[in-house]
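Q: One structure, pasted below without further comment.
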Amino acid sequence: MAPGLPGFTIVGLADTALQEARERVRGAIRNSGYEYPPRRITVNLAPAELRKSGASLDLAIALGILVGSEQVSANGRWAVLGELSLGGELRSMPGLLPMVAALGRRTVKRIVVPLDGLAEARLACDVDVVAAATLAEAAVLLRESRRGRARVQPPRVELAADGLGERVGSDRGWGIGVASEMGPDLAEVRGQLEARRALELALAGGHSMVMIGPPGSGKTLLARTVPGLLPALDDQEARIATIIASVSGSEPLTDLVRARPFRSPHHTISYAGMVGGGPLLSPGEVTRANDGVLFLDELPEYDRATLEALRQPMEDGEVAISRVGRAAVFPSRFQLIAAMNPCPCGHAGEGDGRCRCQPGIVDRYTARVSGPLRDRIDIWVHMPRVEPAEYVLSGAHEGSDRVAARVVEARRRQMLRSGRVNSRLSGRALRGACALGQAEQAHAVRLAEMDGWSARGIERLLRVARTAADLEGVERVAETHLDEAARFRSPTGRCLGFAVAG
Amino acid sequence: MLGVQSLGPVITRRVAEDEEPMSATTPTSRCPRTVDRAAMDLERDAWVVLLSVTGLGPVSFGALLAAFGSARAVLAAASAPAGPARLLQALADAAASPDGDPAAVFDACASAETEAGLPPSGFPTPRRRQSIGADLATRICEAAVGGAGEVERVRALGLTAITLEEPEYPARLREVELPPPLLYLRGSADALSARNAVAVVGTRWPTDKGRLIAGWIGSAIARAGAVVVSGLAVGIDGAAHAAVVGEGGQTVAVLGGGHARLFPKAHERLADAIVAAGGAVVSELPPDTSPSRGTFPRRNRLVSGLSDATVVVEAGCRSGALITAGWALEQGRECFLVPGPFDSPASAGCHAFLRSFPGQARLVSGIAELLEDLDLGGGAGSGVAVARGPGAPKNGPSTRQTQPGGRPSPSVPGAGRAAVLASLGPVERALAQELLLGPATADQLALRTSLAGAAVLSALTLLELRGLATGAYGRYLPSGRLAAWSDGPGSRLSE
Ligand SMILES: [Zn+2]
């Protein structure tokens, strides 16, 4: 702050949102009963080479001006976070939780956060967090440090955690059990014997799955049962999920995220929306579905580049995004579940001659799910239309609870054996986990040859067979498991080809 | 000059339209020539080169042969300095000659569609004709210089060219009006000239039942020792071909494009299987010709022309299979149609055709009845001559007695299926029996057999792996030996 013509400069690579801070800060100071100093103000953001963005520094800038102009005195070492309105109110912003956790690691023990973000900030451990609703309140807190803390005491959900997950945690024990937010129950899905089984396999082993069926065959309904079939997140997963939710959320969090993510972005989603990016380097759907399920309805309708972009995150379990001068790596260990029509008109395979799609068009339709992505899908299942008469005749179906119990048990076996779900096994680890006998090995090769599979195809077969064995509760993968895995193989050259002709 | 004689009907196509096709009255003029083999090879190569020229259809090709005596002579003339002028003159002479309809020469140049022998949509004006003729002459001259590549291409693709002059050319096809001068063949030439051949065709969008019936008819005909001819399309065609291959029988696939542009791609494996089983894949178009709207109706005329009779399994109102049926009648061959429910769009074309051609188009009332009508029913596989409708031309003396080879001796009807069923476990057998009644989903099978879902799924897997069932889009059909027609014991369908 210097004498001279009144002015306000921000130096140190600030983005537009930050440049606009001067208006918000000026308005907030005036509307909070303080005087805006008629001097030349320079705000220096360090480190200089790092681009800063967003409005999270509003409160710090405003308080810096007030302290600098001696209207407010600070008592001790503080960190302040929050976005200001022109009227002087404080608001929370995305990413509050990891910022608080990071400050905690830097031994800043007292942090002022916006009141609406208090519950979220308190998910971080070992940090004294106090809340203010306005700039004026924050100024008071700074001056009367101890008193302010006593004023707000919401229940705390926290726990000393190890590592970075880091300073976010909870003591609720192992999250095996079923997540609370559930969709429809499996018993509500009519028929679809094969798809039910395919879904159980997919969830038990974390396998990516594609359902192919005409409109109205129940693909979307089946997909919506997924949250009710998956175990809740364990502690480590919950910490990561909570941070992701904080960074990408528009609403401040109140509690640790325990439900396994189930994301279903519409097919109009942008590339950045899917993989992440944008001006704030926000996480995309692949990250928001981390440790959960990414459901894509009408798979071929998604932008081709967007679908292509799923490959790397699926393979690596993380996604690197960058924008001029900045880069970030987000986790993206999601399970892909997708649905699609069998052909553009949707009626292929109904056996009544209604589908009039040219074979070339059908090929092109399925080819939109490009080969490399197709290779990474372990389970393919067809869902034929269910006749109304079958609705009436078919007996009661198994409910979600029983299937979920089997899924949890199968996952437990996998974690004990290899520390990861079967879909993340490959190479020697996979072969070791399958422990095929000679007969079974020969059988696997025979199955693979039937469809002219690549090495990747054989791995796919083994992974799914391993899961089938886990669901049955046996350690050795047998021929029947391989057979079942083969049943859910890719339809390429199967629906349209020789096999159908015969 | 024999070549010219055999092309007689080509040149006189237009004038002969109201009369009996000349081809029917002059079969005896075509006896195999005893010519030096090497000269024959050279002449065949010349045909390959000439007929690869865009716009040179059977009509103008016939005119050139008539003027120069042989294809080699045409090419020799075209390579000479005054080549284009001489060719143009020959084309114009043919147009002006009393035997030739001037329009016929030039309309053949106009487009692939008109070459198909379809009614031309309109004759080009004289000036336009002149320029077409000149363009054509230029292209022929270019081909004469660089044509060796085309011969090489045919060879490299493993194709055999058969000209209308050669004894290998199928006699049945020689009889039709405007036979294609050249056939490109992959596989066995025997299959083209088998004693009995029946076309089985239908819609590309069949019902499951239609697919099943096509398979039955295909396998029944194959077992009776006849060759099944079809168009390799998806749907009925593919089902018929595949059933024959499943029986180890011979089947002929006629392509709508060139061999190098096999369509549909999904049937590449089927085409390989057809050739491997001793059948043939054949096209009248140069190997790199893309299939197009016009080439399919043209192909259909070959399907019926290569067969004694044509059976349409399912056809919608505008199905190409009806064009094949129409060709069959026009070529004096028998034509059968499988009726379906009158409200099934996939059968509407069959019904309409039956109504339009009473007394000519015949009804298929069952597999056994069809075999009887085709005169294939007698002793299984005895290969009795196929019955012909009144007025149909008799087959000319076959240039060679073809013994369809590589086919297993016909089995006792029904024994195969009974043995298959007997070899299955109780759950698989129950499902197989259900599938024989018609295509079904896993849910439907579980419902009808009252078996547990898991048991149904694993039994289906077994059936699929043994090749006895095929799943497509979540519905299952009998396949392989289970799909073959059977009227013996072990078939609930025969009850
Ligand atoms: Zn369709």
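Following the order of the structure tokens, first chain is A, next is B, and so on, with residues numbered from 1 inside each chain and ligands from 1 in the order they appear.
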Step by step, measure atom-to-atom distances between ligand 1 and each residue using only C-alpha atoms and all ligand atoms, keep those at most 6 Å, then write them as a ChimeraX atom specification.

A: /A:343-348,355-357

Q: Give as a PyMOL selection string every residue of chain B that touches chain A within 8 Å, counting only C-alpha atoms.

A: chain B and resi 205-209+211+215+234-236+238-243+264+266-267+269-270+345-346+441-444+447+453+457-458+461-462+470-475+479-480

Q: Hey, can you check how far CA of Val210 in chain A sits from CA of Asp303 in chain A?

A: 17.1 Å

Q: Tell me, as a PyMOL selection string, which residues lie within 7 Å of range 299-310 of chain B, counting only C-alpha atoms; anything in the same chain fewer than 5 positions away does not count.

A: chain B and resi 172-173+176+192+196-200+229-231+254-256+323-325+327-328+331+333-336+386

Q: Do a neighbour search on Glu237 in chain A at 9 Å with only C-alpha atoms, toss out local chain neighbours closer than 6 positions, and write the hits as a PyMOL selection string.

A: chain A and resi 165+257-258+260+290-291

Q: Point out the residue among A:Arg304, A:Arg311, A:Arg263, A:Arg364 with the least atom-to-atom distance to Gly292 in chain A, counting only C-alpha atoms.

A: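 Result for the nearest residue to Gly292 in chain A: A:Arg263.
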
Q: Which residue, B:Val53, B:Leu370, B:Cys350, B:Leu465, has the smallest gap to His443 in chain A when you use only C-alpha atoms?

A: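 Ranking B:Val53, B:Leu370, B:Cys350, B:Leu465 by distance to His443 in chain A, first place goes to B:Leu465.
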
Q: Run DSSP on the backbone of this structure and report the residues of range 156-396 of chain B it assigns to helix (DSSP H, G or I), as a ChimeraX atom specification.

A: /B:156,171-174,190-193,208-223,236-246,259-261,265-276,295-305,320-330,345-356,367-373

Q: Pick the closest to Arg30 in chain A from A:Leu66, A:Leu18, A:Val130, A:Ala74: which is it, counting only C-alpha atoms?

A: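 Of A:Leu66, A:Leu18, A:Val130, A:Ala74, the one nearest Arg30 in chain A is A:Leu66, counting only C-alpha atoms.
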